[in-house]
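Engineer: What follows is input-v2.pdb, PDB, C-alpha atoms and all ligand atoms.
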```pdb
ATOM      1  CA  MET A   1       3.035 -16.328 -23.312
ATOM      2  CA  ASN A   2       6.218 -14.263 -23.261
ATOM      3  CA  ARG A   3       6.393 -10.988 -21.342
ATOM      4  CA  GLN A   4       6.308  -8.802 -24.472
ATOM      5  CA  ASN A   5       3.054 -10.415 -25.627
ATOM      6  CA  LYS A   6       1.621 -10.250 -22.108
ATOM      7  CA  LEU A   7       2.307  -6.508 -22.031
ATOM      8  CA  ARG A   8       0.827  -6.015 -25.525
ATOM      9  CA  LEU A   9      -2.354  -7.828 -24.476
ATOM     10  CA  TYR A  10      -2.468  -5.749 -21.328
ATOM     11  CA  TYR A  11      -2.371  -2.476 -23.293
ATOM     12  CA  ILE A  12      -5.061  -3.713 -25.728
ATOM     13  CA  LYS A  13      -7.261  -4.586 -22.730
ATOM     14  CA  ASP A  14      -6.801  -1.042 -21.409
ATOM     15  CA  PHE A  15      -7.768   0.427 -24.780
ATOM     16  CA  ILE A  16     -10.945  -1.670 -25.055
ATOM     17  CA  THR A  17     -11.968  -1.012 -21.428
ATOM     18  CA  ASP A  18     -11.545   2.699 -22.119
ATOM     19  CA  LEU A  19     -14.190   2.526 -24.883
ATOM     20  CA  PHE A  20     -16.815   1.517 -22.336
ATOM     21  CA  PHE A  21     -15.582   3.046 -19.082
ATOM     22  CA  PRO A  22     -13.699   6.318 -19.377
ATOM     23  CA  ASN A  23     -10.255   6.125 -17.808
ATOM     24  CA  ARG A  24      -9.983   8.544 -14.899
ATOM     25  CA  CYS A  25      -7.054  10.074 -13.032
ATOM     26  CA  PRO A  26      -7.116   8.443  -9.571
ATOM     27  CA  VAL A  27      -6.131  11.747  -7.936
ATOM     28  CA  CYS A  28      -8.305  14.484  -9.490
ATOM     29  CA  GLY A  29     -10.882  12.328 -11.302
ATOM     30  CA  CYS A  30     -10.443  13.966 -14.726
ATOM     31  CA  ILE A  31     -10.749  11.750 -17.840
ATOM     32  CA  ILE A  32      -7.336  10.680 -19.155
ATOM     33  CA  GLU A  33      -6.077   8.742 -22.204
ATOM     34  CA  SER A  34      -6.257   4.956 -22.000
ATOM     35  CA  ASN A  35      -2.461   4.662 -21.886
ATOM     36  CA  ARG A  36      -2.114   6.960 -18.860
ATOM     37  CA  LEU A  37      -2.526   6.011 -15.188
ATOM     38  CA  VAL A  38      -2.309   9.481 -13.587
ATOM     39  CA  CYS A  39      -2.829  12.868 -15.333
ATOM     40  CA  SER A  40       0.420  14.772 -15.901
ATOM     41  CA  GLU A  41      -0.640  17.629 -13.648
ATOM     42  CA  CYS A  42      -1.238  15.322 -10.658
ATOM     43  CA  GLU A  43       1.856  13.251 -11.415
ATOM     44  CA  ASN A  44       3.989  16.402 -11.115
ATOM     45  CA  LYS A  45       2.477  17.185  -7.736
ATOM     46  CA  LEU A  46       3.191  13.765  -6.166
ATOM     47  CA  GLU A  47       5.885  14.124  -3.518
ATOM     48  CA  ALA A  48       8.745  11.676  -4.041
ATOM     49  CA  LEU A  49      10.240  10.050  -0.965
ATOM     50  CA  ARG A  50      13.673  11.391  -0.021
ATOM     51  CA  SER A  51      16.381   8.755   0.103
ATOM     52  CA  ASP A  52      17.199   9.505   3.767
ATOM     53  CA  ASP A  53      13.591   8.747   4.729
ATOM     54  CA  GLU A  54      13.720   5.630   2.621
ATOM     55  CA  ARG A  55      16.274   4.180   5.008
ATOM     56  CA  LEU A  56      13.590   4.063   7.697
ATOM     57  CA  ILE A  57      11.853   1.346   5.717
ATOM     58  CA  GLU A  58      14.771  -0.962   6.271
ATOM     59  CA  ARG A  59      13.897  -1.268   9.915
ATOM     60  CA  CYS A  60      11.080  -3.634   8.884
ATOM     61  CA  GLN A  61      13.717  -6.419   9.283
ATOM     62  CA  CYS A  62      14.479  -6.541   5.591
ATOM     63  CA  SER A  63      17.601  -6.450   3.463
ATOM     64  CA  PHE A  64      16.506  -3.351   1.607
ATOM     65  CA  GLY A  65      13.396  -1.260   1.268
ATOM     66  CA  ILE A  66      12.057   0.963  -1.480
ATOM     67  CA  SER A  67       9.068   3.271  -1.560
ATOM     68  CA  ILE A  68       7.913   5.917  -4.029
ATOM     69  CA  TYR A  69       5.878   8.714  -2.464
ATOM     70  CA  TYR A  70       5.008  10.222   0.881
ATOM     71  CA  TYR A  71       1.521   9.210   1.933
ATOM     72  CA  ALA A  72       0.120  12.749   1.812
ATOM     73  CA  LYS A  73      -2.126  14.950  -0.344
ATOM     74  CA  GLU A  74      -2.169  13.632  -3.947
ATOM     75  CA  ALA A  75      -0.643  10.238  -3.080
ATOM     76  CA  LYS A  76      -3.140   9.785  -0.250
ATOM     77  CA  GLN A  77      -5.988  10.506  -2.664
ATOM     78  CA  GLY A  78      -4.465   8.003  -5.098
ATOM     79  CA  ILE A  79      -4.477   5.309  -2.371
ATOM     80  CA  ILE A  80      -8.088   6.143  -1.474
ATOM     81  CA  SER A  81      -9.085   5.706  -5.152
ATOM     82  CA  LEU A  82      -7.135   2.440  -5.263
ATOM     83  CA  LYS A  83      -9.326   1.147  -2.443
ATOM     84  CA  GLU A  84     -12.438   2.377  -4.245
ATOM     85  CA  ARG A  85     -11.984   0.463  -7.487
ATOM     86  CA  ASN A  86      -9.838   2.825  -9.563
ATOM     87  CA  LEU A  87      -6.765   0.602  -9.804
ATOM     88  CA  ASN A  88      -4.688   3.140 -11.755
ATOM     89  CA  PHE A  89      -2.694   4.411  -8.795
ATOM     90  CA  GLY A  90      -1.743   0.883  -7.725
ATOM     91  CA  ARG A  91      -0.546   0.124 -11.230
ATOM     92  CA  HIS A  92       1.359   3.404 -11.370
ATOM     93  CA  LEU A  93       3.056   2.560  -8.048
ATOM     94  CA  GLY A  94       3.911  -0.957  -9.279
ATOM     95  CA  ARG A  95       5.604   0.461 -12.389
ATOM     96  CA  GLU A  96       7.524   3.089 -10.400
ATOM     97  CA  LEU A  97       8.635   0.384  -7.942
ATOM     98  CA  ALA A  98       9.815  -1.727 -10.903
ATOM     99  CA  VAL A  99      12.043   1.158 -12.077
ATOM    100  CA  LYS A 100      13.429   1.669  -8.564
ATOM    101  CA  ALA A 101      13.936  -2.071  -7.980
ATOM    102  CA  ALA A 102      16.063  -2.205 -11.135
ATOM    103  CA  ALA A 103      18.024   0.897 -10.076
ATOM    104  CA  TYR A 104      18.852  -0.644  -6.672
ATOM    105  CA  ASP A 105      19.708  -4.017  -8.213
ATOM    106  CA  ILE A 106      16.823  -5.781  -6.455
ATOM    107  CA  THR A 107      15.343  -7.081  -9.733
ATOM    108  CA  ALA A 108      18.382  -9.242 -10.415
ATOM    109  CA  LYS A 109      18.431 -10.686  -6.882
ATOM    110  CA  ALA A 110      14.747 -11.428  -6.169
ATOM    111  CA  ASP A 111      13.155 -14.799  -6.967
ATOM    112  CA  MET A 112       9.525 -13.871  -6.349
ATOM    113  CA  VAL A 113       7.130 -11.054  -5.541
ATOM    114  CA  THR A 114       4.423 -11.392  -2.917
ATOM    115  CA  TYR A 115       2.235  -8.955  -0.942
ATOM    116  CA  VAL A 116       0.703  -8.201   2.443
ATOM    117  CA  PRO A 117      -2.370 -10.435   2.652
ATOM    118  CA  MET A 118      -5.938  -9.350   3.328
ATOM    119  CA  SER A 119      -8.388 -11.318   5.449
ATOM    120  CA  ARG A 120     -10.947 -13.410   3.555
ATOM    121  CA  ARG A 121     -13.816 -11.334   4.886
ATOM    122  CA  LYS A 122     -12.206  -8.073   3.764
ATOM    123  CA  LEU A 123     -11.344  -9.584   0.395
ATOM    124  CA  ARG A 124     -14.963 -10.596  -0.069
ATOM    125  CA  ILE A 125     -16.128  -7.061   0.669
ATOM    126  CA  ARG A 126     -13.563  -5.201  -1.476
ATOM    127  CA  GLY A 127     -13.260  -7.845  -4.179
ATOM    128  CA  TYR A 128      -9.482  -7.417  -4.523
ATOM    129  CA  ASN A 129      -6.353  -6.780  -2.487
ATOM    130  CA  GLN A 130      -4.813  -3.395  -3.335
ATOM    131  CA  ALA A 131      -1.330  -4.593  -2.291
ATOM    132  CA  LYS A 132      -1.687  -7.398  -4.863
ATOM    133  CA  VAL A 133      -2.509  -4.830  -7.575
ATOM    134  CA  ILE A 134       0.862  -3.163  -6.873
ATOM    135  CA  ALA A 135       2.666  -6.526  -6.642
ATOM    136  CA  GLY A 136       1.092  -7.754  -9.909
ATOM    137  CA  GLU A 137       2.259  -4.697 -11.818
ATOM    138  CA  LEU A 138       5.728  -4.908 -10.264
ATOM    139  CA  SER A 139       5.894  -8.563 -11.316
ATOM    140  CA  LEU A 140       4.745  -7.780 -14.859
ATOM    141  CA  PHE A 141       7.246  -4.981 -15.339
ATOM    142  CA  THR A 142      10.235  -6.788 -13.789
ATOM    143  CA  GLY A 143       9.504 -10.332 -14.993
ATOM    144  CA  ILE A 144       9.844 -11.636 -11.398
ATOM    145  CA  PRO A 145       7.063 -14.221 -10.777
ATOM    146  CA  LEU A 146       4.156 -13.254  -8.517
ATOM    147  CA  LYS A 147       3.532 -15.746  -5.718
ATOM    148  CA  ASP A 148       0.132 -15.963  -3.977
ATOM    149  CA  ASN A 149      -0.799 -17.793  -0.784
ATOM    150  CA  ILE A 150       2.469 -17.531   1.120
ATOM    151  CA  LEU A 151       1.090 -15.292   3.847
ATOM    152  CA  PHE A 152      -2.417 -15.179   5.299
ATOM    153  CA  ARG A 153      -4.398 -12.895   7.564
ATOM    154  CA  ARG A 154      -7.117 -13.722  10.053
ATOM    155  CA  ASP A 155     -10.189 -11.521  10.359
ATOM    156  CA  SER A 156      -9.580  -8.818  12.903
ATOM    157  CA  GLU A 157     -10.054  -5.131  13.383
ATOM    158  CA  GLU A 158      -8.652  -2.851  10.733
ATOM    159  CA  GLN A 159      -4.962  -2.207  11.412
ATOM    160  CA  HIS A 160      -4.922   1.532  10.677
ATOM    161  CA  THR A 161      -7.755   2.288  13.121
ATOM    162  CA  LEU A 162      -5.749   0.860  16.036
ATOM    163  CA  GLY A 163      -3.270   2.622  18.322
ATOM    164  CA  LYS A 164       0.387   1.559  18.484
ATOM    165  CA  ALA A 165      -0.063  -0.966  21.347
ATOM    166  CA  ASP A 166      -3.059  -2.561  19.656
ATOM    167  CA  ARG A 167      -1.226  -2.699  16.350
ATOM    168  CA  VAL A 168       1.581  -4.710  17.900
ATOM    169  CA  LYS A 169      -0.989  -7.148  19.272
ATOM    170  CA  ASN A 170      -2.868  -7.169  15.996
ATOM    171  CA  VAL A 171       0.124  -8.301  13.918
ATOM    172  CA  SER A 172      -0.546 -11.771  15.321
ATOM    173  CA  ALA A 173      -3.409 -11.756  12.793
ATOM    174  CA  PHE A 174      -0.787 -12.732  10.186
ATOM    175  CA  TYR A 175       0.315 -16.310   9.708
ATOM    176  CA  CYS A 176       1.887 -18.616   7.151
ATOM    177  CA  ASP A 177       1.569 -22.242   6.100
ATOM    178  CA  GLU A 178       4.517 -23.868   7.850
ATOM    179  CA  ASN A 179       4.769 -26.489   5.109
ATOM    180  CA  THR A 180       5.852 -23.879   2.579
ATOM    181  CA  ASP A 181       9.597 -24.011   2.029
ATOM    182  CA  LEU A 182      11.235 -20.831   0.770
ATOM    183  CA  SER A 183      14.817 -22.040   1.346
ATOM    184  CA  GLY A 184      17.291 -19.763  -0.337
ATOM    185  CA  LYS A 185      14.594 -17.658  -2.014
ATOM    186  CA  SER A 186      14.851 -13.897  -2.038
ATOM    187  CA  ILE A 187      11.453 -12.256  -1.861
ATOM    188  CA  ILE A 188       9.988  -8.818  -2.540
ATOM    189  CA  ILE A 189       6.965  -8.070  -0.388
ATOM    190  CA  CYS A 190       4.598  -5.284  -1.478
ATOM    191  CA  ASP A 191       2.215  -3.039   0.388
ATOM    192  CA  ASP A 192       0.363   0.192  -0.394
ATOM    193  CA  VAL A 193       1.246   2.253   2.711
ATOM    194  CA  ILE A 194       3.895   1.945   5.441
ATOM    195  CA  THR A 195       2.762   3.577   8.682
ATOM    196  CA  THR A 196       4.652   2.073  11.640
ATOM    197  CA  GLY A 197       6.234  -0.728   9.661
ATOM    198  CA  SER A 198       4.884  -3.321  12.130
ATOM    199  CA  THR A 199       2.822  -5.149   9.470
ATOM    200  CA  LEU A 200       5.745  -5.536   7.084
ATOM    201  CA  GLN A 201       8.043  -6.454   9.957
ATOM    202  CA  ARG A 202       5.697  -9.286  10.951
ATOM    203  CA  CYS A 203       5.406 -10.466   7.319
ATOM    204  CA  ALA A 204       9.210 -10.405   6.964
ATOM    205  CA  GLU A 205       9.532 -12.472  10.172
ATOM    206  CA  LEU A 206       7.108 -15.069   8.814
ATOM    207  CA  LEU A 207       8.972 -15.310   5.499
ATOM    208  CA  LYS A 208      12.215 -15.844   7.421
ATOM    209  CA  LYS A 209      10.509 -18.588   9.423
ATOM    210  CA  LEU A 210       9.916 -20.318   6.070
ATOM    211  CA  ASN A 211      13.696 -20.056   5.446
ATOM    212  CA  ALA A 212      13.590 -17.185   2.954
ATOM    213  CA  ALA A 213      17.004 -15.662   2.253
ATOM    214  CA  ASP A 214      16.705 -11.919   1.600
ATOM    215  CA  ILE A 215      13.517  -9.923   2.095
ATOM    216  CA  TYR A 216      12.989  -6.699   0.171
ATOM    217  CA  ILE A 217      10.191  -4.310   1.016
ATOM    218  CA  ALA A 218       8.463  -2.485  -1.848
ATOM    219  CA  ALA A 219       5.876  -0.058  -0.493
ATOM    220  CA  GLY A 220       3.995   2.313  -2.765
ATOM    221  CA  THR A 221       3.846   5.080  -0.153
ATOM    222  CA  THR A 222       5.207   5.841   3.323
ATOM    223  CA  THR A 223       3.788   8.193   5.955
ATOM    224  CA  LYS A 224       5.893  11.311   6.399
ATOM    225  CA  TYR A 225       6.824  10.689   9.976
ATOM    226  CA  ILE A 226       6.675   7.038  10.887
ATOM    227  CA  LYS A 227       4.468   6.989  13.975
ATOM    228  CA  GLU A 228       5.876   5.484  17.147
TER     229      GLU A 228
HETATM  230 ZN    ZN B   1      -5.217  14.257 -12.075
END
```
The structure in this file should be written as structure tokens.
Ligand SMILES: [Zn+2]

Structural biologist:
Amino acid sequence: MNRQNKLRLYYIKDFITDLFFPNRCPVCGCIIESNRLVCSECENKLEALRSDDERLIERCQCSFGISIYYYAKEAKQGIISLKERNLNFGRHLGRELAVKAAAYDITAKADMVTYVPMSRRKLRIRGYNQAKVIAGELSLFTGIPLKDNILFRRDSEEQHTLGKADRVKNVSAFYCDENTDLSGKSIIICDDVITTGSTLQRCAELLKKLNAADIYIAAGTTTKYIKE
């Protein structure tokens, strides 16, 4: 199926779903039209990341990093909803990242889109990976293929509940299948929130171990002051 038809089908699915389950703004919870992902009032309140702060993302050992909003107030609520089954904010972030990726010429250079993996246990509990929701939308709106099963995560404590020292230790929870060959491939890796950057840094390292060429980070949101 070509991309135009895929998108058409996608919008029809939204319309039909809306007949049975009202579409809600992931930030304030009000009912919105089936073709919207965030109500206009909340969308105007979302705080866009300044370009000087965006440069911080590049320290995750990548060639370039993009992110859309600060992880605060409305965006934070959007991420909470994304983890509680309202996927709208993840899709909104994926589309915004697609626009930014094109603006920074990443779309033309990347061969595939992947995402920060979730452990199997966590995936069973939540039913989906929110980073994959963002990656899937980014893939759909850029035409860059989505690639699953490149990176994996062992069951361990939740990353965001750990202190800095524990986080560094905890990144060993990530691993890859050493038989995968990504020689010469440029890859976009998605996540919902960047906090210290240690997770994405570890994922970028693993992709490089599989001979990937350029790594681009696409994070929906970034904490205001990256914690040390
Ligand atoms: Zn709203």

Engineer: Please give me, as a count of residues only, the residues lying within 8 Å of ligand ZN 1 (chain B) when counting all atoms listed in the file.

Structural biologist: 13

Engineer: Mind telling me what the PyMOL selection byres (((chain A and resi 84) around 12) and not hetatm) catches here, as a ChimeraX atom specification?

Structural biologist: /A:26-27,77-83,85-90,125-130

Engineer: Residues near segment 93-107 of chain A, anyone? I mean within 8 Å using all atoms listed in the file, not counting same-chain ones fewer than 3 positions away, as a PyMOL selection string.

Structural biologist: chain A and resi 66-68+89-90+110+133-139+141-142+144+216+218-220

Engineer: Would you translate the PyMOL selection byres (((chain A and resi 153) around 7) and not hetatm) into the concrete set of residues it matches in this file, as a PyMOL selection string?

Structural biologist: chain A and resi 117-119+152+154-155+173-175

Engineer: Mind pulling up the distance from atom CA of Thr17 of chain A to atom CA of Asn149 of chain A?

Structural biologist: 28.9 Å

Engineer: Nearest to Thr221 of chain A among A:Glu33, A:Asp53, A:Asp177, A:Asp14, with distances taken over all atoms listed in the file: which residue is it?

Structural biologist: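 Smallest distance to Thr221 of chain A is found for A:Asp53.
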
Engineer: Pick from A:Leu207, A:Tyr115, A:Thr223, A:Leu140: nearest to Asn5 of chain A, with all atoms listed in the file counted?

Structural biologist: A:Leu140

Engineer: Give me, please, the distance in Å between atom CA of Tyr71 of chain A and atom CA of Thr222 of chain A, quoted to one decimal.

Structural biologist: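 For atom CA of Tyr71 of chain A relative to atom CA of Thr222 of chain A, the distance reads 5.2 Å.
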
Engineer: Just checking: using only C-alpha atoms, which residue out of A:Glu47, A:Glu54, A:Asp111, A:Asp18 ends up closest to Ile188 of chain A?

Structural biologist: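 Looking only at the distances to Ile188 of chain A, the closest residue turns out to be A:Asp111.
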
Engineer: Nearest to Thr196 of chain A: which of A:Leu49, A:Met112, A:Ile57, A:Phe64 is it, counting only C-alpha atoms?

Structural biologist: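 Between A:Leu49, A:Met112, A:Ile57, A:Phe64, the residue approaching Thr196 of chain A most closely is A:Ile57.
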
Engineer: To one decimal place in Å, what is the distance between atom CA of Glu178 of chain A and atom CA of Lys208 of chain A?

Structural biologist: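 Here the two named atoms are 11.1 Å from each other.
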
Engineer: The PyMOL selection byres (((chain A and resi 209) around 10) and not hetatm) on the file shown: which residues, as a VMD selection string?

Structural biologist: chain A and resid 176 178 180 to 183 203 to 208 210 to 212

Engineer: Please return segment 115-134 of chain A, rebuilt to N, CA and C atoms, as a PDB file, in the frame of the given file.

Structural biologist:
```pdb
ATOM      1  N   TYR A 115       2.874 -10.180  -1.438  1.00  0.00           N
ATOM      2  CA  TYR A 115       2.235  -8.955  -0.942  1.00  0.00           C
ATOM      3  C   TYR A 115       1.625  -9.192   0.440  1.00  0.00           C
ATOM      4  N   VAL A 116       1.347  -8.110   1.122  1.00  0.00           N
ATOM      5  CA  VAL A 116       0.703  -8.201   2.443  1.00  0.00           C
ATOM      6  C   VAL A 116      -0.720  -8.725   2.236  1.00  0.00           C
ATOM      7  N   PRO A 117      -1.060  -9.821   2.897  1.00  0.00           N
ATOM      8  CA  PRO A 117      -2.370 -10.435   2.652  1.00  0.00           C
ATOM      9  C   PRO A 117      -3.529  -9.663   3.295  1.00  0.00           C
ATOM     10  N   MET A 118      -4.718  -9.955   2.797  1.00  0.00           N
ATOM     11  CA  MET A 118      -5.938  -9.350   3.328  1.00  0.00           C
ATOM     12  C   MET A 118      -6.764 -10.499   3.894  1.00  0.00           C
ATOM     13  N   SER A 119      -7.575 -10.227   4.904  1.00  0.00           N
ATOM     14  CA  SER A 119      -8.388 -11.318   5.449  1.00  0.00           C
ATOM     15  C   SER A 119      -9.453 -11.709   4.413  1.00  0.00           C
ATOM     16  N   ARG A 120      -9.960 -12.928   4.541  1.00  0.00           N
ATOM     17  CA  ARG A 120     -10.947 -13.410   3.555  1.00  0.00           C
ATOM     18  C   ARG A 120     -12.215 -12.572   3.552  1.00  0.00           C
ATOM     19  N   ARG A 121     -12.591 -12.138   4.761  1.00  0.00           N
ATOM     20  CA  ARG A 121     -13.816 -11.334   4.886  1.00  0.00           C
ATOM     21  C   ARG A 121     -13.635  -9.998   4.150  1.00  0.00           C
ATOM     22  N   LYS A 122     -12.492  -9.369   4.378  1.00  0.00           N
ATOM     23  CA  LYS A 122     -12.206  -8.073   3.764  1.00  0.00           C
ATOM     24  C   LYS A 122     -12.123  -8.218   2.236  1.00  0.00           C
ATOM     25  N   LEU A 123     -11.511  -9.327   1.830  1.00  0.00           N
ATOM     26  CA  LEU A 123     -11.344  -9.584   0.395  1.00  0.00           C
ATOM     27  C   LEU A 123     -12.703  -9.752  -0.280  1.00  0.00           C
ATOM     28  N   ARG A 124     -13.614 -10.400   0.458  1.00  0.00           N
ATOM     29  CA  ARG A 124     -14.963 -10.596  -0.069  1.00  0.00           C
ATOM     30  C   ARG A 124     -15.672  -9.247  -0.236  1.00  0.00           C
ATOM     31  N   ILE A 125     -15.465  -8.368   0.719  1.00  0.00           N
ATOM     32  CA  ILE A 125     -16.128  -7.061   0.669  1.00  0.00           C
ATOM     33  C   ILE A 125     -15.538  -6.195  -0.452  1.00  0.00           C
ATOM     34  N   ARG A 126     -14.198  -6.079  -0.487  1.00  0.00           N
ATOM     35  CA  ARG A 126     -13.563  -5.201  -1.476  1.00  0.00           C
ATOM     36  C   ARG A 126     -13.480  -5.847  -2.855  1.00  0.00           C
ATOM     37  N   GLY A 127     -13.353  -7.142  -2.892  1.00  0.00           N
ATOM     38  CA  GLY A 127     -13.260  -7.845  -4.179  1.00  0.00           C
ATOM     39  C   GLY A 127     -11.835  -8.016  -4.680  1.00  0.00           C
ATOM     40  N   TYR A 128     -10.890  -7.277  -4.129  1.00  0.00           N
ATOM     41  CA  TYR A 128      -9.482  -7.417  -4.523  1.00  0.00           C
ATOM     42  C   TYR A 128      -8.609  -6.877  -3.399  1.00  0.00           C
ATOM     43  N   ASN A 129      -7.327  -7.265  -3.457  1.00  0.00           N
ATOM     44  CA  ASN A 129      -6.353  -6.780  -2.487  1.00  0.00           C
ATOM     45  C   ASN A 129      -5.507  -5.712  -3.179  1.00  0.00           C
ATOM     46  N   GLN A 130      -5.528  -4.482  -2.653  1.00  0.00           N
ATOM     47  CA  GLN A 130      -4.813  -3.395  -3.335  1.00  0.00           C
ATOM     48  C   GLN A 130      -3.294  -3.605  -3.334  1.00  0.00           C
ATOM     49  N   ALA A 131      -2.772  -4.314  -2.316  1.00  0.00           N
ATOM     50  CA  ALA A 131      -1.330  -4.593  -2.291  1.00  0.00           C
ATOM     51  C   ALA A 131      -0.970  -5.557  -3.420  1.00  0.00           C
ATOM     52  N   LYS A 132      -1.930  -6.451  -3.768  1.00  0.00           N
ATOM     53  CA  LYS A 132      -1.687  -7.398  -4.863  1.00  0.00           C
ATOM     54  C   LYS A 132      -1.696  -6.676  -6.218  1.00  0.00           C
ATOM     55  N   VAL A 133      -2.495  -5.609  -6.324  1.00  0.00           N
ATOM     56  CA  VAL A 133      -2.509  -4.830  -7.575  1.00  0.00           C
ATOM     57  C   VAL A 133      -1.101  -4.279  -7.830  1.00  0.00           C
ATOM     58  N   ILE A 134      -0.494  -3.728  -6.764  1.00  0.00           N
ATOM     59  CA  ILE A 134       0.862  -3.163  -6.873  1.00  0.00           C
ATOM     60  C   ILE A 134       1.865  -4.282  -7.189  1.00  0.00           C
TER      61      ILE A 134
END
```
